[in-house]
Each structure stands twice: as C-alpha cells, then as structure tokens.
file target.cif (mmCIF, C-alpha atoms (C1' of nucleotides))
data_coords
#
loop_
_atom_site.label_atom_id
_atom_site.label_comp_id
_atom_site.auth_asym_id
_atom_site.auth_seq_id
_atom_site.Cartn_x
_atom_site.Cartn_y
_atom_site.Cartn_z
CA MET A 1 0.00 0.00 0.00
CA SER A 2 1.56 3.28 -1.16
CA LYS A 3 1.85 6.35 1.00
CA GLN A 4 -0.80 8.15 -1.02
CA GLU A 5 -3.19 5.24 -0.93
CA PHE A 6 -2.74 5.04 2.82
CA ASP A 7 -3.56 8.72 3.14
CA VAL A 8 -6.82 8.39 1.24
CA LYS A 9 -7.93 5.33 3.20
CA HIS A 10 -6.95 7.07 6.41
CA LYS A 11 -8.83 10.24 5.50
CA ILE A 12 -11.94 8.22 4.71
CA ILE A 13 -11.73 6.35 8.01
CA VAL A 14 -11.30 9.52 10.02
CA SER A 15 -14.18 11.31 8.31
CA ALA A 16 -16.46 8.31 8.47
CA LYS A 17 -15.76 7.82 12.16
CA LYS A 18 -16.63 11.43 12.87
CA LEU A 19 -19.85 11.30 10.87
CA PHE A 20 -20.98 7.90 12.12
CA SER A 21 -20.60 9.12 15.69
CA GLU A 22 -22.61 12.26 14.98
CA LEU A 23 -25.27 11.04 12.59
CA GLY A 24 -25.38 7.29 13.09
CA TYR A 25 -24.76 4.66 10.45
CA ASP A 26 -28.01 5.16 8.55
CA GLY A 27 -27.76 8.93 8.81
CA THR A 28 -24.30 8.98 7.26
CA SER A 29 -24.15 8.73 3.48
CA VAL A 30 -21.09 7.77 1.50
CA ARG A 31 -21.36 11.15 -0.20
CA LYS A 32 -21.10 12.96 3.13
CA ILE A 33 -18.08 10.87 4.08
CA CYS A 34 -16.32 11.72 0.84
CA ASP A 35 -17.16 15.42 1.08
CA GLU A 36 -15.81 15.51 4.62
CA ALA A 37 -12.67 13.66 3.52
CA GLY A 38 -12.25 15.80 0.43
CA VAL A 39 -12.11 12.80 -1.91
CA SER A 40 -14.39 11.63 -4.66
CA LEU A 41 -17.30 9.27 -4.24
CA PRO A 42 -16.01 6.07 -5.87
CA LEU A 43 -12.97 5.87 -3.65
CA VAL A 44 -14.95 4.32 -0.85
CA SER A 45 -15.97 1.43 -3.08
CA TYR A 46 -12.51 1.21 -4.57
CA HIS A 47 -10.60 1.04 -1.32
CA PHE A 48 -13.08 -0.61 1.00
CA GLY A 49 -15.67 -2.25 -1.22
CA GLY A 50 -18.59 -0.34 0.27
CA LYS A 51 -19.91 1.62 3.22
CA GLU A 52 -20.35 -1.43 5.43
CA ASN A 53 -16.66 -2.25 5.19
CA VAL A 54 -15.66 1.26 6.16
CA PHE A 55 -17.66 0.73 9.30
CA LEU A 56 -15.97 -2.59 9.96
CA ALA A 57 -12.56 -1.04 9.43
CA ILE A 58 -13.39 1.49 12.15
CA LEU A 59 -14.48 -1.30 14.48
CA GLU A 60 -11.09 -2.94 14.00
CA GLN A 61 -9.74 -0.28 16.35
CA LEU A 62 -11.56 -2.14 19.10
CA SER A 63 -8.98 -4.89 18.82
CA LYS A 64 -6.62 -2.44 20.52
CA LEU A 65 -8.67 -2.64 23.69
CA PRO A 66 -6.08 -2.61 26.46
CA TYR A 67 -5.19 -5.68 28.45
CA PHE A 68 -4.32 -5.69 32.12
CA PRO A 69 -3.31 -8.49 34.46
CA GLU A 70 -5.68 -9.53 37.22
CA THR A 71 -4.36 -9.58 40.76
CA GLY A 72 -7.12 -11.67 42.32
CA ASP A 73 -7.98 -8.86 44.72
CA PRO A 74 -11.57 -7.97 43.79
CA LYS A 75 -11.50 -4.30 44.73
CA LEU A 76 -8.18 -3.69 43.03
CA ASP A 77 -9.20 -5.62 39.94
CA LEU A 78 -12.43 -3.67 39.68
CA GLN A 79 -10.54 -0.42 40.09
CA ASN A 80 -8.04 -1.37 37.40
CA TYR A 81 -10.78 -2.55 35.11
CA LEU A 82 -12.71 0.68 35.32
CA GLU A 83 -9.60 2.83 35.03
CA VAL A 84 -8.19 1.07 31.99
CA TYR A 85 -11.38 0.87 30.01
CA ILE A 86 -12.67 4.30 30.93
CA SER A 87 -9.44 5.89 29.81
CA PHE A 88 -9.56 3.92 26.57
CA TYR A 89 -13.08 5.06 25.78
CA ARG A 90 -12.39 8.61 26.85
CA GLN A 91 -9.60 8.75 24.33
CA GLU A 92 -11.91 7.14 21.77
CA ARG A 93 -14.98 9.30 22.20
CA GLU A 94 -16.23 8.82 18.68
CA LEU A 95 -15.79 5.08 18.81
CA SER A 96 -17.61 4.80 22.12
CA GLN A 97 -20.41 6.92 20.75
CA ILE A 98 -20.72 4.63 17.73
CA ILE A 99 -20.83 1.54 19.93
CA ARG A 100 -23.46 3.11 22.14
CA GLN A 101 -25.62 3.90 19.13
CA GLU A 102 -25.25 0.53 17.50
CA LEU A 103 -25.98 -1.44 20.65
CA ALA A 104 -28.99 0.75 21.32
CA MET A 105 -30.22 -0.01 17.81
CA ASN A 106 -29.69 -3.76 17.96
CA SER A 107 -28.33 -3.23 14.48
CA ALA A 108 -27.08 -5.98 12.21
CA ARG A 109 -23.60 -4.64 12.88
CA SER A 110 -23.95 -5.26 16.60
CA ASP A 111 -22.78 -8.85 16.25
CA LYS A 112 -19.42 -7.64 15.07
CA ILE A 113 -19.17 -5.23 17.98
CA ILE A 114 -20.02 -7.98 20.42
CA SER A 115 -17.26 -10.21 19.11
CA PHE A 116 -14.81 -7.45 19.98
CA ILE A 117 -16.08 -6.53 23.43
CA GLN A 118 -17.29 -9.90 24.67
CA ALA A 119 -13.98 -10.69 26.35
CA THR A 120 -14.07 -7.37 28.15
CA THR A 121 -17.54 -8.02 29.49
CA ASP A 122 -16.63 -11.54 30.54
CA LYS A 123 -13.67 -10.16 32.45
CA LEU A 124 -15.97 -7.86 34.42
CA LYS A 125 -18.23 -10.81 35.13
CA GLY A 126 -15.25 -12.78 36.41
CA ILE A 127 -14.18 -9.97 38.71
CA LEU A 128 -17.68 -9.68 40.16
CA GLU A 129 -18.00 -13.39 40.77
CA ASN A 130 -14.55 -13.69 42.27
CA GLY A 131 -15.44 -10.84 44.63
CA ARG A 132 -18.67 -12.47 45.63
CA ASP A 133 -16.95 -15.81 46.26
CA LYS A 134 -14.45 -14.10 48.51
CA GLY A 135 -17.18 -12.28 50.41
CA VAL A 136 -15.97 -8.84 49.32
CA PHE A 137 -18.91 -8.17 47.02
CA LYS A 138 -22.58 -8.85 47.65
CA PHE A 139 -25.34 -8.98 45.04
CA GLU A 140 -27.97 -11.33 43.68
CA SER A 141 -27.56 -11.71 39.93
CA THR A 142 -24.20 -11.32 38.24
CA SER A 143 -25.63 -10.50 34.84
CA ASN A 144 -27.99 -7.88 36.26
CA ASN A 145 -25.11 -6.17 38.00
CA VAL A 146 -22.99 -6.31 34.87
CA ARG A 147 -25.88 -4.55 33.14
CA PHE A 148 -26.02 -1.84 35.79
CA ILE A 149 -22.28 -1.28 35.69
CA LEU A 150 -22.20 -1.08 31.91
CA GLY A 151 -25.09 1.35 32.14
CA CYS A 152 -23.12 3.59 34.48
CA LEU A 153 -20.07 3.42 32.25
CA THR A 154 -22.05 4.15 29.11
CA MET A 155 -23.35 7.32 30.68
CA THR A 156 -19.88 8.23 31.88
CA PHE A 157 -18.32 8.13 28.42
CA SER A 158 -21.21 9.63 26.62
CA LYS A 159 -20.41 12.97 25.03
CA SER A 160 -24.04 13.61 24.23
CA GLU A 161 -25.08 17.25 24.25
CA VAL A 162 -28.61 16.06 24.68
CA LEU A 163 -27.77 14.47 28.01
CA GLU A 164 -26.10 17.66 29.13
CA ILE A 165 -29.28 19.55 28.48
CA LEU A 166 -31.30 16.92 30.27
CA ILE A 167 -29.07 16.35 33.27
CA GLY A 168 -26.93 19.46 33.41
CA GLN A 169 -23.20 19.96 33.38
CA THR A 170 -21.09 18.13 35.91
CA ASP A 171 -21.03 20.43 38.92
CA SER A 172 -17.79 19.54 40.73
CA SER A 173 -15.09 19.65 38.11
CA ASN A 174 -12.32 19.05 40.61
CA TYR A 175 -13.65 15.60 41.41
CA PRO A 176 -13.15 13.58 38.24
CA ILE A 177 -16.03 11.49 36.94
CA GLU A 178 -13.68 8.49 36.60
CA LYS A 179 -13.23 8.53 40.34
CA GLU A 180 -16.87 9.12 41.07
CA VAL A 181 -18.10 6.27 38.89
CA PHE A 182 -15.81 3.93 40.79
CA ASP A 183 -17.13 5.21 44.11
CA PHE A 184 -20.67 4.65 42.89
CA ILE A 185 -20.11 1.15 41.57
CA TYR A 186 -17.91 -0.06 44.39
CA LYS A 187 -20.32 1.09 47.07
CA ALA A 188 -23.17 -0.51 45.15
CA ILE A 189 -21.72 -4.01 45.13
CA ARG A 190 -19.53 -4.30 48.20
CA SER A 191 -20.62 -6.36 51.17
CA MET B 1 -62.80 11.88 13.87
CA SER B 2 -64.82 8.88 12.71
CA LYS B 3 -64.43 5.39 14.12
CA GLN B 4 -62.84 4.18 10.92
CA GLU B 5 -60.44 7.08 10.71
CA PHE B 6 -59.42 6.44 14.29
CA ASP B 7 -58.74 2.82 13.48
CA VAL B 8 -56.41 3.68 10.62
CA LYS B 9 -54.52 6.28 12.62
CA HIS B 10 -54.30 3.85 15.48
CA LYS B 11 -53.03 1.03 13.30
CA ILE B 12 -50.37 3.30 11.84
CA ILE B 13 -49.23 4.40 15.28
CA VAL B 14 -49.02 0.84 16.59
CA SER B 15 -47.08 -0.40 13.57
CA ALA B 16 -44.76 2.58 13.50
CA LYS B 17 -44.00 2.21 17.19
CA LYS B 18 -43.10 -1.43 16.74
CA LEU B 19 -40.86 -0.74 13.75
CA PHE B 20 -39.19 2.36 15.17
CA SER B 21 -38.26 0.37 18.27
CA GLU B 22 -36.81 -2.45 16.19
CA LEU B 23 -35.18 -0.64 13.30
CA GLY B 24 -34.72 2.91 14.51
CA TYR B 25 -36.16 6.03 12.94
CA ASP B 26 -33.91 6.09 9.90
CA GLY B 27 -34.20 2.35 9.40
CA THR B 28 -37.99 2.48 9.32
CA SER B 29 -39.56 3.52 6.03
CA VAL B 30 -43.09 4.74 5.59
CA ARG B 31 -43.59 1.79 3.25
CA LYS B 32 -42.70 -0.66 5.98
CA ILE B 33 -45.04 1.08 8.40
CA CYS B 34 -47.93 0.88 5.96
CA ASP B 35 -47.24 -2.75 5.07
CA GLU B 36 -47.16 -3.64 8.74
CA ALA B 37 -50.37 -1.74 9.33
CA GLY B 38 -52.04 -3.17 6.24
CA VAL B 39 -52.91 0.25 4.83
CA SER B 40 -51.78 2.05 1.74
CA LEU B 41 -48.82 4.37 1.54
CA PRO B 42 -50.45 7.79 1.21
CA LEU B 43 -52.44 7.42 4.40
CA VAL B 44 -49.48 8.41 6.51
CA SER B 45 -49.23 11.73 4.74
CA TYR B 46 -52.99 12.14 4.73
CA HIS B 47 -53.52 11.55 8.43
CA PHE B 48 -50.28 12.75 9.94
CA GLY B 49 -48.62 14.91 7.32
CA GLY B 50 -45.46 12.82 7.17
CA LYS B 51 -43.25 10.33 8.93
CA GLU B 52 -41.87 12.86 11.40
CA ASN B 53 -45.33 13.59 12.74
CA VAL B 54 -46.06 9.90 13.24
CA PHE B 55 -43.01 9.82 15.44
CA LEU B 56 -44.16 12.86 17.39
CA ALA B 57 -47.60 11.32 17.85
CA ILE B 58 -45.91 8.31 19.45
CA LEU B 59 -43.92 10.55 21.74
CA GLU B 60 -47.15 12.10 22.95
CA GLN B 61 -47.64 8.95 25.00
CA LEU B 62 -44.83 10.22 27.19
CA SER B 63 -47.19 12.85 28.53
CA LYS B 64 -48.85 9.98 30.41
CA LEU B 65 -45.75 9.57 32.55
CA PRO B 66 -47.11 8.79 36.00
CA TYR B 67 -47.04 11.29 38.81
CA PHE B 68 -46.46 10.44 42.43
CA PRO B 69 -46.39 12.56 45.57
CA GLU B 70 -43.10 13.07 47.38
CA THR B 71 -42.99 12.25 51.07
CA GLY B 72 -39.75 14.06 51.90
CA ASP B 73 -38.18 10.81 53.09
CA PRO B 74 -35.25 10.31 50.69
CA LYS B 75 -35.12 6.52 50.72
CA LEU B 76 -38.86 6.17 50.31
CA ASP B 77 -39.00 8.80 47.59
CA LEU B 78 -36.19 7.10 45.70
CA GLN B 79 -37.94 3.77 46.05
CA ASN B 80 -41.23 5.19 44.79
CA TYR B 81 -39.50 6.99 41.98
CA LEU B 82 -37.78 3.88 40.70
CA GLU B 83 -40.86 1.73 41.13
CA VAL B 84 -43.23 4.05 39.34
CA TYR B 85 -41.01 4.83 36.40
CA ILE B 86 -39.64 1.35 35.97
CA SER B 87 -43.11 -0.09 35.84
CA PHE B 88 -44.13 2.56 33.33
CA TYR B 89 -41.23 1.79 31.03
CA ARG B 90 -41.61 -1.95 31.47
CA GLN B 91 -45.15 -1.62 30.21
CA GLU B 92 -43.91 0.61 27.43
CA ARG B 93 -41.00 -1.46 26.18
CA GLU B 94 -41.16 -0.17 22.66
CA LEU B 95 -41.35 3.43 23.75
CA SER B 96 -38.40 3.06 26.10
CA GLN B 97 -36.41 1.42 23.35
CA ILE B 98 -37.18 4.32 21.02
CA ILE B 99 -36.10 6.85 23.63
CA ARG B 100 -32.91 4.95 24.27
CA GLN B 101 -32.09 4.95 20.58
CA GLU B 102 -32.90 8.58 19.98
CA LEU B 103 -30.95 9.83 22.98
CA ALA B 104 -27.99 7.67 21.93
CA MET B 105 -28.16 9.27 18.48
CA ASN B 106 -28.44 12.85 19.65
CA SER B 107 -31.03 13.05 16.94
CA ALA B 108 -32.93 16.16 15.96
CA ARG B 109 -35.95 14.55 17.60
CA SER B 110 -34.19 14.37 20.97
CA ASP B 111 -35.23 17.89 21.88
CA LYS B 112 -38.85 16.83 21.82
CA ILE B 113 -38.08 13.82 24.01
CA ILE B 114 -36.26 16.00 26.49
CA SER B 115 -39.20 18.33 26.85
CA PHE B 116 -41.27 15.33 27.94
CA ILE B 117 -38.85 13.74 30.38
CA GLN B 118 -37.09 16.79 31.78
CA ALA B 119 -39.48 17.03 34.72
CA THR B 120 -38.87 13.39 35.56
CA THR B 121 -35.12 13.87 35.61
CA ASP B 122 -35.41 17.02 37.68
CA LYS B 123 -37.48 15.12 40.20
CA LEU B 124 -34.73 12.54 40.59
CA LYS B 125 -32.23 15.34 41.03
CA GLY B 126 -34.41 16.83 43.74
CA ILE B 127 -34.66 13.53 45.58
CA LEU B 128 -30.90 13.07 45.51
CA GLU B 129 -30.20 16.57 46.77
CA ASN B 130 -32.80 16.34 49.49
CA GLY B 131 -31.22 13.08 50.63
CA ARG B 132 -27.78 14.59 50.68
CA ASP B 133 -28.98 17.62 52.64
CA LYS B 134 -30.51 15.32 55.23
CA GLY B 135 -27.37 13.24 55.47
CA VAL B 136 -29.04 10.10 54.18
CA PHE B 137 -27.23 10.09 50.84
CA LYS B 138 -23.58 10.77 50.19
CA PHE B 139 -22.00 11.62 46.84
CA GLU B 140 -19.98 14.34 45.15
CA SER B 141 -21.76 15.53 42.03
CA THR B 142 -25.52 15.40 41.69
CA SER B 143 -25.51 15.43 37.91
CA ASN B 144 -22.91 12.68 37.71
CA ASN B 145 -25.00 10.48 39.97
CA VAL B 146 -28.14 11.22 38.00
CA ARG B 147 -26.18 10.05 34.94
CA PHE B 148 -25.19 6.82 36.66
CA ILE B 149 -28.70 6.12 37.85
CA LEU B 150 -30.21 6.79 34.45
CA GLY B 151 -27.56 4.49 33.00
CA CYS B 152 -28.59 1.69 35.35
CA LEU B 153 -32.26 2.23 34.54
CA THR B 154 -31.64 2.31 30.81
CA MET B 155 -29.98 -1.06 31.00
CA THR B 156 -32.78 -2.37 33.20
CA PHE B 157 -35.53 -1.55 30.70
CA SER B 158 -33.60 -2.50 27.66
CA LYS B 159 -35.08 -5.44 25.82
CA SER B 160 -32.08 -5.71 23.54
CA GLU B 161 -31.27 -9.21 22.35
CA VAL B 162 -27.79 -7.99 21.67
CA LEU B 163 -27.24 -7.23 25.33
CA GLU B 164 -28.50 -10.66 26.25
CA ILE B 165 -25.87 -12.22 24.04
CA LEU B 166 -23.22 -9.95 25.48
CA ILE B 167 -24.12 -10.17 29.14
CA GLY B 168 -26.18 -13.32 29.35
CA GLN B 169 -29.65 -14.01 30.65
CA THR B 170 -30.59 -12.90 34.10
CA ASP B 171 -29.61 -15.81 36.31
CA SER B 172 -31.88 -15.50 39.35
CA SER B 173 -35.38 -15.13 38.01
CA ASN B 174 -36.98 -15.22 41.44
CA TYR B 175 -35.29 -11.98 42.44
CA PRO B 176 -36.85 -9.33 40.22
CA ILE B 177 -34.59 -6.87 38.45
CA GLU B 178 -36.75 -3.98 39.71
CA LYS B 179 -35.76 -4.90 43.24
CA GLU B 180 -32.15 -5.45 42.37
CA VAL B 181 -31.70 -2.13 40.60
CA PHE B 182 -33.01 -0.38 43.69
CA ASP B 183 -30.58 -2.33 45.88
CA PHE B 184 -27.74 -1.35 43.58
CA ILE B 185 -28.59 2.34 43.40
CA TYR B 186 -29.52 2.77 47.04
CA LYS B 187 -26.33 1.14 48.26
CA ALA B 188 -24.34 3.27 45.84
CA ILE B 189 -25.53 6.62 47.15
CA ARG B 190 -26.39 6.08 50.81
CA SER B 191 -24.17 7.49 53.53
"C1'" DG C 1 -61.09 8.46 3.22
"C1'" DT C 2 -58.67 5.34 0.57
"C1'" DC C 3 -56.60 3.61 -3.28
"C1'" DT C 4 -53.07 3.18 -7.76
"C1'" DA C 5 -49.74 5.40 -10.12
"C1'" DT C 6 -46.11 8.48 -10.20
"C1'" DA C 7 -42.93 12.34 -9.25
"C1'" DC C 8 -38.64 13.50 -7.54
"C1'" DA C 9 -34.78 13.57 -4.24
"C1'" DG C 10 -31.28 10.91 -2.29
"C1'" DG C 11 -29.09 6.55 -1.36
"C1'" DG C 12 -24.97 3.10 -2.86
"C1'" DA C 13 -22.34 1.31 -6.42
"C1'" DT C 14 -20.01 1.26 -10.98
"C1'" DA C 15 -18.33 2.26 -16.09
"C1'" DG C 16 -15.02 4.25 -18.33
"C1'" DA C 17 -11.87 8.21 -19.24
"C1'" DC C 18 -7.58 9.90 -17.55
"C1'" DG D 1 -5.48 5.47 -8.20
"C1'" DT D 2 -8.66 8.95 -9.01
"C1'" DC D 3 -11.98 11.36 -11.28
"C1'" DT D 4 -16.91 12.57 -13.83
"C1'" DA D 5 -21.00 10.86 -15.24
"C1'" DT D 6 -24.46 7.67 -14.67
"C1'" DC D 7 -27.23 3.58 -13.21
"C1'" DC D 8 -30.62 1.68 -10.45
"C1'" DC D 9 -32.89 1.31 -6.11
"C1'" DT D 10 -35.46 3.03 -2.32
"C1'" DG D 11 -36.94 6.95 0.23
"C1'" DT D 12 -41.07 10.44 0.96
"C1'" DA D 13 -44.75 12.85 -0.75
"C1'" DT D 14 -48.51 13.83 -3.91
"C1'" DA D 15 -52.01 13.81 -8.06
"C1'" DG D 16 -56.00 12.15 -9.30
"C1'" DA D 17 -59.46 8.30 -9.75
"C1'" DC D 18 -62.94 6.15 -6.97
#

call {"tool": "encode", "arguments": {"input": "target.cif", "output": "structure tokens"}}
result
Amino acid sequence: MSKQEFDVKHKIIVSAKKLFSELGYDGTSVRKICDEAGVSLPLVSYHFGGKENVFLAILEQLSKLPYFPETGDPKLDLQNYLEVYISFYRQERELSQIIRQELAMNSARSDKIISFIQATTDKLKGILENGRDKGVFKFESTSNNVRFILGCLTMTFSKSEVLEILIGQTDSSNYPIEKEVFDFIYKAIRS
Amino acid sequence: MSKQEFDVKHKIIVSAKKLFSELGYDGTSVRKICDEAGVSLPLVSYHFGGKENVFLAILEQLSKLPYFPETGDPKLDLQNYLEVYISFYRQERELSQIIRQELAMNSARSDKIISFIQATTDKLKGILENGRDKGVFKFESTSNNVRFILGCLTMTFSKSEVLEILIGQTDSSNYPIEKEVFDFIYKAIRS
DNA sequence: GTCTATACAGGGATAGAC
DNA sequence: GTCTATCCCTGTATAGAC
C-alpha cells in the first residue's frame, strides 16, 4: 500500500468515524463521508468495497482494547478494570459513541461489535464473581449487575449534548467522573 | 374523527411504534409502516402529514408519565420513583427502546423527548439533593450520579437481544430486576 | 377516506476516461 | 489510483381516480 493510498484510506476512516458518531450509520451517506474527507465518491468502493466495510474497518480499532493483568484482589481488579477501560473510551470518544448507538439499535452490525467486546464483558463478570466468592462483594444476579455497571459506564463516556441539556453539566469539576463512577459502583456491590 | 379514521390512525401508530423500536427512525420507512399496518402508503401523509409527525404522535404517550407525591423521606421517595417509572417503562417497552435509541443518536428529535422527560429527571435530582442535605445520601456531584442512575435504569428496561448475548440471561429469576436495581442504586448513594 | 400510479430527491455502487 | 457521469434502487410525498 503506497503512502498516497494510505492517506486516502486514512482520511476516509477519520471522516467516516466522525460522521458515524454524529449522525449514526443510517444517517451517514457515503457522499457525506467523501465530502468531509475531500475525496471523490467512488474511492470508498474502490478502497473498501462499500460503506459497510468502512464501518468494519473502524471497528477494528476495538482490537486495541487494552489488556491488564488480574491480581485476584476484587477491589483492586475492579478499580483497574474501570480505570483502563474508561481511559480507553475517553480517548476514543467517537468510537464509544458509535458503539453506544449501534448497541442501542440492535443493528445488524452489533454482532461484530459484540465479538470485539465480549472478552471485556466476561472479564468484568469474572471480577464480580470472584469478589462475591471471597465475600468482598454482595449482590444477587451477576448479569444484572454487569448490566447496571455497563449502564453507568455508558453514561460516563457519553459525550451527548442532549444528556447535558437533560441532566446538566457536571457540577464539581475538581472531582473527576472516573473517580466518582468507581465510588458509585464499588459502594453498590460491596458487602 | 370517525371510528374508521381512528382505526387507521391507530393502526399506523401501533405499527410505526413497533418498527421504530426495532429498526430505529432512519431504518424504518413509511412503506414498511404501511405494510405492517395493512394500509396504503399515502395514508401516513394524509392523516399525519409525514413520517416525522407519526413519530411525534408516538412521543405524545410520554405525557402519560405517571405522577407520584413526594414524602420528603429520601429513601422512600427514591424507592417510589424507581418503582413508578420502571413499571411505566416496562409496560412501554417499545417506547423506552425508542427513547434509548434517539438519545444515543443525539437526533434532531431528541429535543422533543427531552421536553417530555425533563421534569422526571429534575425530580430525581431533587430527591438526591434532598437526601444529601438530610445526610441520608452521600456523593460528590448530583448530575454525575443522575447520569449513573439513568444508566442503570436504561440497561434495566432494555429489551435488547444484543445485550443478552453480550451479558447473558438474568440468572436468578426469582429476584426481580426492579428490586435489584433499587438495591444497587440505594447502596451506591447512601451514607 | 382510501386507493393506484407516479414524481422526484437521495441513497450506494459502478463504467469508463484519464 | 482517481476522477466525472451515470445507473438503479429506495426513500417520501402527492395527483388524481374512486
């Protein structure tokens, strides 16, 4: 792949990612992507073979989801888990927005997303169950609590202006939301 | 409005609601709505003046959001709040799914949704702040904690098959999720 | 009030020149 | 490898018959 070819593919990816996150998959046309990227329409088909594949190429970035070793200490593992993944998604605002949209839509593309994030979710499940076995955590249903935690995290990443109108700006800027979401979750599940 | 006219409008609304919740606004065409409803294409324009207005007519059902009196007791008010609104959204699965999608999309239609649910969110905010003032609840930022709670609730209502694949089925069916989400939230914010 | 037929804009993908 | 021009499909909305 030549330097120039790389540039075009890269420009398309960057523009598509921006537009998908703002307008959703259906709301983003190939024409808009190409206008944003400053390239002509057929280049999407030429380089990627269609809109769908541009989307999949963006999802590939999920394979860079960070890994961290587990210590076996439930509180510490939970803390690490939240820290690592929150910082990943905070750096990847557009990507997290796209995932949020697609999962909310139950779209056909969701299956692909799941295959990327399944391991992450399973890890959280493992941490919760380990904590419960050791008597550090206390809750009824693991999968329900995974749901709740993912719900909290989703809201934490979300860059939605709509939510800011609805809920209001964060009021204590000196206390970071990363810390507060851990407080919330840890208190919620500890014994 | 004649009986027959009511029936057609009603059929369109019911079909549109189902399809919007499954396919999203952009993914739902007027043709699909009419096929589902068993009526001809122009009737949407005739009765509603367009697809957008069908959507708004569905949102009108949000004005039936239940009201409940506040007692001033933070724990009780929180419990009532969660109970009332969870049961509303559990009865209105399709509607809650639509709201979830639209808010995730930051769509142009979100403003309308906000105007319906703003009061509900403000009420939750009030309950949290009252609880903190009385020393029953303990947290840093009200708006952050409203975010977390709404995140938990969103995941609780969500009928997404995708999430079931990702997280797994609820494992303890005898302990209702309505009860568990209260446990989770209450533990998270109490002193 | 409801239908069939159609207009017209916009979608994705491609043919063919360069 | 990249462009212009175009194809064909599907989207919404409407004209006009009944």

call {"tool": "resolve_selection", "arguments": {"input": "target.cif", "expression": "the PyMOL selection byres ((chain B and resi 30) around 8)", "output": "PyMOL selection string"}}
result
(chain B and resi 28-29+31-34+41+44+51) or (chain D and resi 12)

call {"tool": "interface_residues", "arguments": {"input": "target.cif", "of": "chain B", "to": "chain C", "cutoff": "12 Å", "atoms": "all atoms listed in the file", "output": "list in words"}}
result
Met1, Ser2, Lys3, Gln4, Glu5, Phe6, Asp7, Val8, Lys9, Val39, Ser40, Leu41, Pro42, Leu43, Val44, Tyr46 and His47 of chain B

call {"tool": "write_last_selection", "arguments": {"input": "target.cif", "atoms": "C-alpha atoms", "output": "short mmCIF file (atom, residue, chain, number, x, y, z; two decimals), keeping the file's coordinate frame"}}
result
data_model
loop_
_atom_site.label_atom_id
_atom_site.label_comp_id
_atom_site.auth_asym_id
_atom_site.auth_seq_id
_atom_site.Cartn_x
_atom_site.Cartn_y
_atom_site.Cartn_z
CA MET B 1 -62.80 11.88 13.87
CA SER B 2 -64.82 8.88 12.71
CA LYS B 3 -64.43 5.39 14.12
CA GLN B 4 -62.84 4.18 10.92
CA GLU B 5 -60.44 7.08 10.71
CA PHE B 6 -59.42 6.44 14.29
CA ASP B 7 -58.74 2.82 13.48
CA VAL B 8 -56.41 3.68 10.62
CA LYS B 9 -54.52 6.28 12.62
CA VAL B 39 -52.91 0.25 4.83
CA SER B 40 -51.78 2.05 1.74
CA LEU B 41 -48.82 4.37 1.54
CA PRO B 42 -50.45 7.79 1.21
CA LEU B 43 -52.44 7.42 4.40
CA VAL B 44 -49.48 8.41 6.51
CA TYR B 46 -52.99 12.14 4.73
CA HIS B 47 -53.52 11.55 8.43
#

call {"tool": "atom_distance", "arguments": {"input": "target.cif", "atom1": "atom CA of Lys75 of chain A", "atom2": "atom CA of Lys123 of chain A"}}
result
13.8 Å

call {"tool": "resolve_selection", "arguments": {"input": "target.cif", "expression": "the PyMOL selection byres ((chain D) within 8 of (chain A))", "output": "VMD selection string"}}
result
chain D and resid 1 to 3

call {"tool": "atom_distance", "arguments": {"input": "target.cif", "atom1": "atom CA of Tyr81 of chain A", "atom2": "atom CA of Leu19 of chain A"}}
result
29.4 Å

call {"tool": "atom_distance", "arguments": {"input": "target.cif", "atom1": "atom CA of Pro74 of chain A", "atom2": "atom CA of Leu128 of chain A"}}
result
7.3 Å
